[in-house]
Amino acid sequence: MAVEALGSTPRAKVAPWNDPVVRGWVFQIVVVGAVGFLAWYLVSNTIDNLQRQKIASGFHFLEREAGFEIGDTMIEYSPASTYARAIWVGILNTLRVAVLGILLSTLLGTLIGVGRLSPNWLLNRICGWYVEAFRNVPLLLWLFLFYKLISEAFPGPRQALSLWNSVFLSNRGVYFPVPLADPIHKWMGIAFLVGIAAAWFVNRWGKKRQEATGQPFPGISAGLAIIIGLPALVWLAGGAPHHMSWPELKGFNFTGGTVIQPEFTALLIGLVLYTSAFVAEIVRSGILALHKGQSEAAAALGLSRGQSMRLVLLPQALRVIVPPMTSQYLNITKNSSLAIAIGYPDLVASINVTINQTGQAIENILIIMAAYLSVSLSISAFMNWYNKRIALRER
Amino acid sequence: MTDAMPAGDRKPIAPPVDETGPLGWARKNLFSSWGNGITTIVLLAFVVWVLDWFLEWALFTANFTATTGAECRGGGACWALIREKFRYIFFGSFPYEQHWRPLFAVIAMLAMLVLSADRRMWNWRLLVIWGVGSFVTFLLMFGQLHIPLSLILAVALIAGGIGLALRSGLATPSERMAYYALVGIGAVGLVLRIAGVLPSWSIAIAPLSYVETSLWGGLPVTLILATYGLAFAFPYGILLALGRRSNLPLIKGLCVGFIELIRGVPLISLLIMASVMLPLFLPSGTTIDKFLRAQVAVILFAGAYIAEVIRGGLQSLPKGQFEAADAMGLNYPQKTLLIILPQALRVVIPPLINTFIGFFKDTSLVLIIGIFDFLNTANQALVDPNWAGFPGEVYLFAAFVYFIFCYSMSRYSKYLELELNKGTRR
């Protein structure tokens, strides 16, 4: 009752210009009005400029023929393909380098971060120097350096370094043999996916059994066996086709086999080395944030340093590590756009050519923003889900 | 058997040799176990191998005196290239005989930054330092400055407004009149200027020859983009952070939308946008300088990131601080500028410096839209056909310069973190 009485007390009469609610709304209306006016001013100028320069608008250009070459494509593409296809090639290239970059820099960064905590002074210092060297120099500079080193310091195709006459290393990239296309490959891919699902179920069963009986289950090796074994079985069942396409020197370059382009290599190396310096710092601070008693207790239980790191420290440190790690993953994805500087055909590079050819800057910038925002949001969503999963369950 | 030694003769026994001194240190830190010992030996071999190769290349077989690239070939590092090109790398296409100007501009900016790093300067002195430093820098770079009337009027308007808001309830009537006068002159003057009643008049300071921004290059460009990118993004980031924490729904929505949009896309896409879309946004006939466009893109980008750092500081304050300020009867600007921000900023200064290090490195991206920053001039130095084929030397040199800047800033940030936490540390 008392509460109600309080709630119904009439508010003190104040002049409208002194009422915070009125003031708040006036302020908001003024600000939104100003922003709206600015937006209207810019848009009207833009429409005006577009009409005068006779630049078309709308997304119809996507269906037109792109007419430019792309050096490194994951899907079929030719200059006769549409702009939409060219942009899709760019998106796939961005995703390829981002996904590989995330995986490799997580691995390398974790190793270096753990190395920085090593009791071995030399290892500790080397990891420290690594972090300082890569963190304090722009990524773009590293990319240029690696790219120039690969394209200038490596020999030309004719003098390529070869491994067993099948893998060739030259300034055109790394050429290596691949199996000739065979229908069985599709089934092997399916088997691989099935293997991943099966490994997950087996592991879940193993964990349940360990909880119930205490018997440990070799989850990692069993999982790997299933994931690799299933496609191998399918391959054997399909008659084990083993025809390969070998790289061969023809004229000035290699034909056959497949190639990892120097641009891709330089970009991936640069991204991974640079980002793992940041990842290392995150991992290190995550482990240092743990109470000292955790490592002491693990040592008292007789776990080796490796075991205590893997079974006790890292799983707990993950809770501290995951949020800043998410922003590093987003950074890799965004930093992969530096590809344009060394000529790797990522999304931004495709869009840049498209802008230059069509003049339709606005639509293209919108496509870039939409693409990066959706990739960023999906990475964040995934990492948030993962973060919730590993979060401390407080009862 | 002898008797126990007489008490006077007892001497402390020195600890075993392998427990103290360099030997003990090595045993403890390098050879504490079998695995550790092997790791040490392998790593030591690796370090020696790398150092041997590097010193051989960079020092013993290096060429410091060649006059063309051809003379350099075959040996180790060609540092003669740096010797030949360092003025271009540092100052770009700035008129050669005027290189003292960018040199002193860089010194002025460094002095400004170093002085701002001193905690004793964190008061009104900071404004003076930045005012004088910026004036000197831009006077040297441009050679001539024109300070337009509208800028002076805008400064009067803002100064009067801040005075009124902060000194509300404290100012004497005459002081308040002065603020009202500033606001009045500023506002009326600006309206008249926009309406075209007042002529476009400016104070001209022209002691040197004019050098346009398209000729600027090298280190001063990198420093200007990073320093002024941060200087303008800072107040703007504070406004965004306050807006994001505001309980006015429209303001909050605008700020959240802006911050998330900018943080979701790469800087390159903003730079491309600034270079191809900004001209479309403006009335036809107006052109903005390419350098200014890049600077605007950097400011917009930096603002969103700084806003998030500052928001962290705002969130770390206990609610009581806000409530106490309200209870004291302070208005919003007073509460924010006198109570909240001084405490919130103190917490976020070290992460802000780390953000600044990030921007310092990120300014290198402007080379993609054709601005000659330090990395770009280093890149251009490689183009000379006389000196082709020595990318490693030039990039290592550029990396070294970037490293000195970033590393000293990160040391400073670490020092400051310890220094600022002295009160709370046990």
# chains A, B, ... in the order shown; residues from 1 in each chain; ligands from 1
call {"tool": "interface_residues", "arguments": {"of": "chain A", "to": "chain B", "cutoff": "7 Å", "atoms": "only C-alpha atoms", "output": "number ranges by chain"}}
result
A: 24, 28, 42-43, 45-46, 49, 119-122, 136-138, 140-141, 145, 148, 334-335, 337, 341, 361-362, 365, 369, 372-373, 376
call {"tool": "write_last_selection", "arguments": {"atoms": "N, CA and C atoms", "output": "CSV table (one decimal), in the first residue's frame"}}
result
chain,number,residue,atom,x,y,z
A,24,GLY,N,15.0,15.7,-22.1
A,24,GLY,CA,15.5,14.5,-22.7
A,24,GLY,C,14.9,14.4,-24.1
A,28,GLN,N,16.8,14.7,-27.7
A,28,GLN,CA,16.8,13.6,-28.7
A,28,GLN,C,16.3,14.0,-30.0
A,42,LEU,N,23.3,14.5,-47.5
A,42,LEU,CA,24.3,13.7,-48.2
A,42,LEU,C,23.6,12.9,-49.3
A,43,VAL,N,22.4,12.3,-49.0
A,43,VAL,CA,21.7,11.5,-49.9
A,43,VAL,C,21.2,12.4,-51.1
A,45,ASN,N,22.6,15.1,-52.2
A,45,ASN,CA,23.8,15.4,-53.0
A,45,ASN,C,24.1,14.2,-53.9
A,46,THR,N,24.1,13.0,-53.3
A,46,THR,CA,24.5,11.8,-54.0
A,46,THR,C,23.6,11.6,-55.2
A,49,ASN,N,24.5,14.0,-57.8
A,49,ASN,CA,25.8,13.7,-58.5
A,49,ASN,C,25.6,12.5,-59.4
A,119,PRO,N,59.4,-22.6,-17.6
A,119,PRO,CA,60.4,-22.4,-16.7
A,119,PRO,C,61.8,-22.2,-17.4
A,120,ASN,N,61.8,-22.7,-18.6
A,120,ASN,CA,63.1,-22.6,-19.4
A,120,ASN,C,63.3,-21.2,-19.8
A,121,TRP,N,64.3,-20.5,-19.3
A,121,TRP,CA,64.5,-19.1,-19.6
A,121,TRP,C,64.7,-18.8,-21.0
A,122,LEU,N,65.4,-19.7,-21.8
A,122,LEU,CA,65.6,-19.4,-23.2
A,122,LEU,C,64.4,-19.4,-24.0
A,136,ASN,N,54.6,-5.2,-32.8
A,136,ASN,CA,55.0,-3.7,-32.8
A,136,ASN,C,55.3,-3.3,-34.3
A,137,VAL,N,54.9,-4.1,-35.2
A,137,VAL,CA,55.2,-3.7,-36.6
A,137,VAL,C,53.9,-3.9,-37.4
A,138,PRO,N,53.5,-3.0,-38.3
A,138,PRO,CA,52.2,-3.1,-39.0
A,138,PRO,C,52.1,-4.5,-39.8
A,140,LEU,N,50.7,-4.9,-42.5
A,140,LEU,CA,50.8,-4.7,-43.9
A,140,LEU,C,52.3,-4.8,-44.3
A,141,LEU,N,53.2,-4.3,-43.4
A,141,LEU,CA,54.6,-4.4,-43.7
A,141,LEU,C,55.1,-5.9,-43.7
A,145,LEU,N,56.7,-7.8,-46.9
A,145,LEU,CA,58.0,-8.4,-46.7
A,145,LEU,C,57.9,-9.9,-47.2
A,148,LYS,N,57.3,-10.1,-51.0
A,148,LYS,CA,58.5,-9.8,-51.8
A,148,LYS,C,59.5,-10.9,-51.7
A,334,LYS,N,38.8,-9.4,-40.6
A,334,LYS,CA,38.9,-8.0,-41.2
A,334,LYS,C,40.3,-7.8,-41.8
A,335,ASN,N,41.3,-8.2,-41.1
A,335,ASN,CA,42.7,-8.0,-41.6
A,335,ASN,C,42.9,-8.7,-42.9
A,337,SER,N,41.4,-8.4,-45.4
A,337,SER,CA,41.2,-7.5,-46.5
A,337,SER,C,42.4,-6.8,-46.9
A,341,ALA,N,46.5,-5.4,-51.0
A,341,ALA,CA,47.8,-4.7,-51.2
A,341,ALA,C,48.8,-5.6,-51.9
A,361,ALA,N,29.7,2.9,-56.8
A,361,ALA,CA,30.4,2.7,-55.5
A,361,ALA,C,29.5,2.3,-54.4
A,362,ILE,N,28.3,3.0,-54.3
A,362,ILE,CA,27.4,2.8,-53.2
A,362,ILE,C,27.0,1.3,-53.0
A,365,ILE,N,29.9,-0.8,-51.9
A,365,ILE,CA,30.3,-0.7,-50.5
A,365,ILE,C,29.3,-1.3,-49.6
A,369,MET,N,30.0,-4.2,-46.8
A,369,MET,CA,29.6,-4.0,-45.4
A,369,MET,C,28.7,-5.2,-45.0
A,372,TYR,N,30.9,-8.4,-44.6
A,372,TYR,CA,31.8,-8.5,-43.4
A,372,TYR,C,30.9,-8.5,-42.2
A,373,LEU,N,29.8,-7.7,-42.2
A,373,LEU,CA,29.0,-7.7,-41.0
A,373,LEU,C,28.4,-9.1,-40.7
A,376,SER,N,31.2,-11.3,-39.4
A,376,SER,CA,31.5,-11.0,-38.1
A,376,SER,C,30.5,-11.4,-37.1
call {"tool": "residues_around", "arguments": {"residues": "stretch 237-250 of chain A", "least_positions_apart": "3", "cutoff": "10 Å", "atoms": "only C-alpha atoms", "output": "compact mmCIF listing (two decimals) with N, CA and C atoms, in the first residue's frame"}}
result
# COMPACT_ATOMS: atom_id res chain seq x y z
N PRO A 157 60.33 -20.61 -62.28
CA PRO A 157 59.82 -21.98 -62.48
C PRO A 157 60.88 -22.91 -63.07
N ARG A 158 61.76 -22.36 -63.95
CA ARG A 158 62.73 -23.25 -64.61
C ARG A 158 63.77 -23.78 -63.63
N ALA A 160 63.09 -24.19 -60.42
CA ALA A 160 62.33 -24.46 -59.21
C ALA A 160 63.01 -25.51 -58.33
N ASN A 165 60.93 -34.60 -57.32
CA ASN A 165 60.41 -34.32 -58.65
C ASN A 165 58.89 -34.27 -58.71
N SER A 166 58.23 -34.01 -57.57
CA SER A 166 56.77 -33.95 -57.64
C SER A 166 56.24 -32.68 -56.98
N VAL A 167 56.94 -32.16 -55.99
CA VAL A 167 56.54 -30.89 -55.39
C VAL A 167 57.54 -29.85 -55.84
N PHE A 168 57.05 -28.75 -56.44
CA PHE A 168 57.95 -27.73 -56.96
C PHE A 168 57.74 -26.41 -56.25
N TYR A 175 53.81 -25.96 -56.30
CA TYR A 175 53.02 -26.88 -57.11
C TYR A 175 53.14 -28.27 -56.53
N PHE A 176 52.03 -28.96 -56.40
CA PHE A 176 52.12 -30.34 -55.94
C PHE A 176 51.04 -31.18 -56.59
N PRO A 177 51.27 -32.51 -56.66
CA PRO A 177 50.32 -33.37 -57.36
C PRO A 177 49.03 -33.54 -56.57
N VAL A 178 47.93 -33.74 -57.32
CA VAL A 178 46.65 -34.03 -56.67
C VAL A 178 46.03 -35.22 -57.40
N PRO A 179 45.16 -35.95 -56.70
CA PRO A 179 44.48 -37.05 -57.38
C PRO A 179 43.59 -36.51 -58.49
N LEU A 180 43.53 -37.22 -59.61
CA LEU A 180 42.63 -36.81 -60.68
C LEU A 180 41.19 -36.88 -60.19
N ALA A 181 40.35 -35.99 -60.72
CA ALA A 181 38.96 -35.96 -60.27
C ALA A 181 38.31 -37.32 -60.48
N ASP A 182 37.56 -37.76 -59.49
CA ASP A 182 36.94 -39.07 -59.54
C ASP A 182 35.62 -38.97 -58.79
N PRO A 183 34.57 -39.65 -59.26
CA PRO A 183 33.28 -39.54 -58.55
C PRO A 183 33.38 -39.97 -57.08
N ILE A 184 34.36 -40.83 -56.78
CA ILE A 184 34.47 -41.34 -55.42
C ILE A 184 34.76 -40.21 -54.42
N HIS A 185 35.37 -39.12 -54.91
CA HIS A 185 35.75 -38.03 -54.00
C HIS A 185 34.55 -37.44 -53.29
N TRP A 187 31.84 -39.01 -52.47
CA TRP A 187 31.43 -39.94 -51.41
C TRP A 187 32.41 -39.90 -50.24
N MET A 188 33.72 -39.69 -50.58
CA MET A 188 34.70 -39.58 -49.49
C MET A 188 34.41 -38.34 -48.64
N PRO A 231 36.59 -42.19 -44.65
CA PRO A 231 36.87 -41.85 -46.06
C PRO A 231 37.83 -42.85 -46.70
N ALA A 232 38.83 -43.32 -45.91
CA ALA A 232 39.78 -44.29 -46.46
C ALA A 232 39.07 -45.57 -46.88
N LEU A 233 38.11 -46.02 -46.05
CA LEU A 233 37.35 -47.23 -46.38
C LEU A 233 36.55 -47.03 -47.66
N VAL A 234 35.90 -45.84 -47.75
CA VAL A 234 35.12 -45.54 -48.95
C VAL A 234 36.01 -45.57 -50.17
N ASN A 253 55.89 -22.00 -67.26
CA ASN A 253 55.26 -22.30 -65.98
C ASN A 253 54.86 -23.76 -65.92
N PHE A 254 54.32 -24.13 -64.78
CA PHE A 254 53.93 -25.52 -64.60
C PHE A 254 52.50 -25.72 -65.06
N THR A 255 52.21 -26.92 -65.53
CA THR A 255 50.81 -27.27 -65.76
C THR A 255 50.54 -28.54 -64.97
N GLY A 256 49.26 -28.80 -64.75
CA GLY A 256 48.90 -30.00 -63.99
C GLY A 256 49.13 -29.81 -62.51
N GLY A 257 48.71 -30.80 -61.74
CA GLY A 257 48.83 -30.68 -60.29
C GLY A 257 47.99 -29.54 -59.78
N THR A 258 48.29 -29.07 -58.61
CA THR A 258 47.60 -27.89 -58.13
C THR A 258 48.61 -26.98 -57.48
N VAL A 259 48.21 -25.74 -57.24
CA VAL A 259 49.19 -24.77 -56.81
C VAL A 259 48.67 -23.98 -55.61
call {"tool": "residues_around", "arguments": {"residues": "B:Ile205", "least_positions_apart": "5", "cutoff": "12 Å", "atoms": "only C-alpha atoms", "output": "ChimeraX atom specification"}}
result
/B:135-136,138-140,142-148,210
call {"tool": "write_last_selection", "arguments": {"atoms": "C-alpha atoms", "output": "PDB file, in the first residue's frame"}}
result
ATOM      1  CA  PHE B 135      50.260  25.149 -34.675  1.00  0.00           C
ATOM      2  CA  VAL B 136      54.007  24.629 -35.163  1.00  0.00           C
ATOM      3  CA  PHE B 138      50.986  22.481 -39.446  1.00  0.00           C
ATOM      4  CA  LEU B 139      52.733  25.815 -40.000  1.00  0.00           C
ATOM      5  CA  LEU B 140      55.916  23.928 -40.879  1.00  0.00           C
ATOM      6  CA  PHE B 142      51.870  23.755 -44.969  1.00  0.00           C
ATOM      7  CA  GLY B 143      54.165  26.776 -44.751  1.00  0.00           C
ATOM      8  CA  GLN B 144      51.129  29.038 -44.638  1.00  0.00           C
ATOM      9  CA  LEU B 145      48.061  28.868 -42.432  1.00  0.00           C
ATOM     10  CA  HIS B 146      44.772  30.625 -42.964  1.00  0.00           C
ATOM     11  CA  ILE B 147      42.620  30.674 -39.895  1.00  0.00           C
ATOM     12  CA  PRO B 148      39.076  31.424 -41.114  1.00  0.00           C
ATOM     13  CA  TYR B 210      53.038  26.703 -49.427  1.00  0.00           C
TER      14      TYR B 210
END
call {"tool": "closest_residue", "arguments": {"among": "B:Val298, B:Val50, B:Val106, B:Ile152", "to": "B:Gly133", "atoms": "only C-alpha atoms"}}
result
B:Val106
call {"tool": "select_by_dssp", "arguments": {"residues": "stretch 129-238 of chain B", "states": "alpha helix (DSSP H)", "output": "PyMOL selection string"}}
result
chain B and resi 129-142+149-166+173-195+219-238
call {"tool": "select_by_dssp", "arguments": {"residues": "stretch 46-148 of chain B", "states": "strand (DSSP E)", "output": "JSON, numbers by chain"}}
result
{"B": [145, 146, 147, 148]}
call {"tool": "residues_around", "arguments": {"residues": "A:Leu107", "least_positions_apart": "3", "cutoff": "12 Å", "atoms": "only C-alpha atoms", "output": "PyMOL selection string"}}
result
chain A and resi 100-104+110-114+272-273+275-277+279-280+283
call {"tool": "write_last_selection", "arguments": {"atoms": "N, CA and C atoms", "output": "compact mmCIF listing (two decimals), in the first residue's frame"}}
result
# COMPACT_ATOMS: atom_id res chain seq x y z
N LEU A 100 41.48 -20.67 -42.31
CA LEU A 100 42.82 -21.25 -42.09
C LEU A 100 43.61 -20.39 -41.12
N GLY A 101 43.50 -19.07 -41.27
CA GLY A 101 44.23 -18.17 -40.39
C GLY A 101 43.80 -18.33 -38.95
N ILE A 102 42.50 -18.46 -38.72
CA ILE A 102 42.00 -18.62 -37.35
C ILE A 102 42.55 -19.91 -36.75
N LEU A 103 42.45 -21.02 -37.51
CA LEU A 103 42.91 -22.30 -36.98
C LEU A 103 44.40 -22.25 -36.66
N LEU A 104 45.21 -21.81 -37.64
CA LEU A 104 46.66 -21.87 -37.45
C LEU A 104 47.13 -20.89 -36.39
N THR A 110 48.71 -20.36 -29.09
CA THR A 110 48.63 -21.08 -27.82
C THR A 110 50.00 -21.63 -27.45
N LEU A 111 50.70 -22.22 -28.45
CA LEU A 111 52.02 -22.77 -28.16
C LEU A 111 52.95 -21.67 -27.65
N ILE A 112 52.93 -20.51 -28.30
CA ILE A 112 53.84 -19.43 -27.89
C ILE A 112 53.44 -18.87 -26.54
N GLY A 113 52.14 -18.74 -26.32
CA GLY A 113 51.68 -18.23 -25.03
C GLY A 113 52.09 -19.15 -23.89
N VAL A 114 51.95 -20.47 -24.11
CA VAL A 114 52.38 -21.43 -23.09
C VAL A 114 53.90 -21.38 -22.95
N VAL A 272 48.93 -15.22 -39.89
CA VAL A 272 49.10 -16.17 -38.80
C VAL A 272 50.20 -15.70 -37.84
N LEU A 273 51.36 -15.29 -38.39
CA LEU A 273 52.45 -14.88 -37.51
C LEU A 273 52.05 -13.65 -36.69
N THR A 275 48.92 -12.45 -35.97
CA THR A 275 47.83 -12.64 -35.01
C THR A 275 48.25 -13.55 -33.87
N SER A 276 49.15 -14.51 -34.15
CA SER A 276 49.48 -15.41 -33.05
C SER A 276 50.24 -14.68 -31.94
N ALA A 277 50.90 -13.54 -32.29
CA ALA A 277 51.53 -12.76 -31.22
C ALA A 277 50.47 -12.25 -30.25
N VAL A 279 47.37 -13.58 -29.91
CA VAL A 279 46.76 -14.75 -29.28
C VAL A 279 47.64 -15.23 -28.11
N ALA A 280 48.97 -15.21 -28.33
CA ALA A 280 49.89 -15.66 -27.27
C ALA A 280 49.70 -14.83 -26.01
N VAL A 283 46.44 -15.86 -24.32
CA VAL A 283 46.55 -17.15 -23.65
C VAL A 283 47.37 -17.01 -22.36
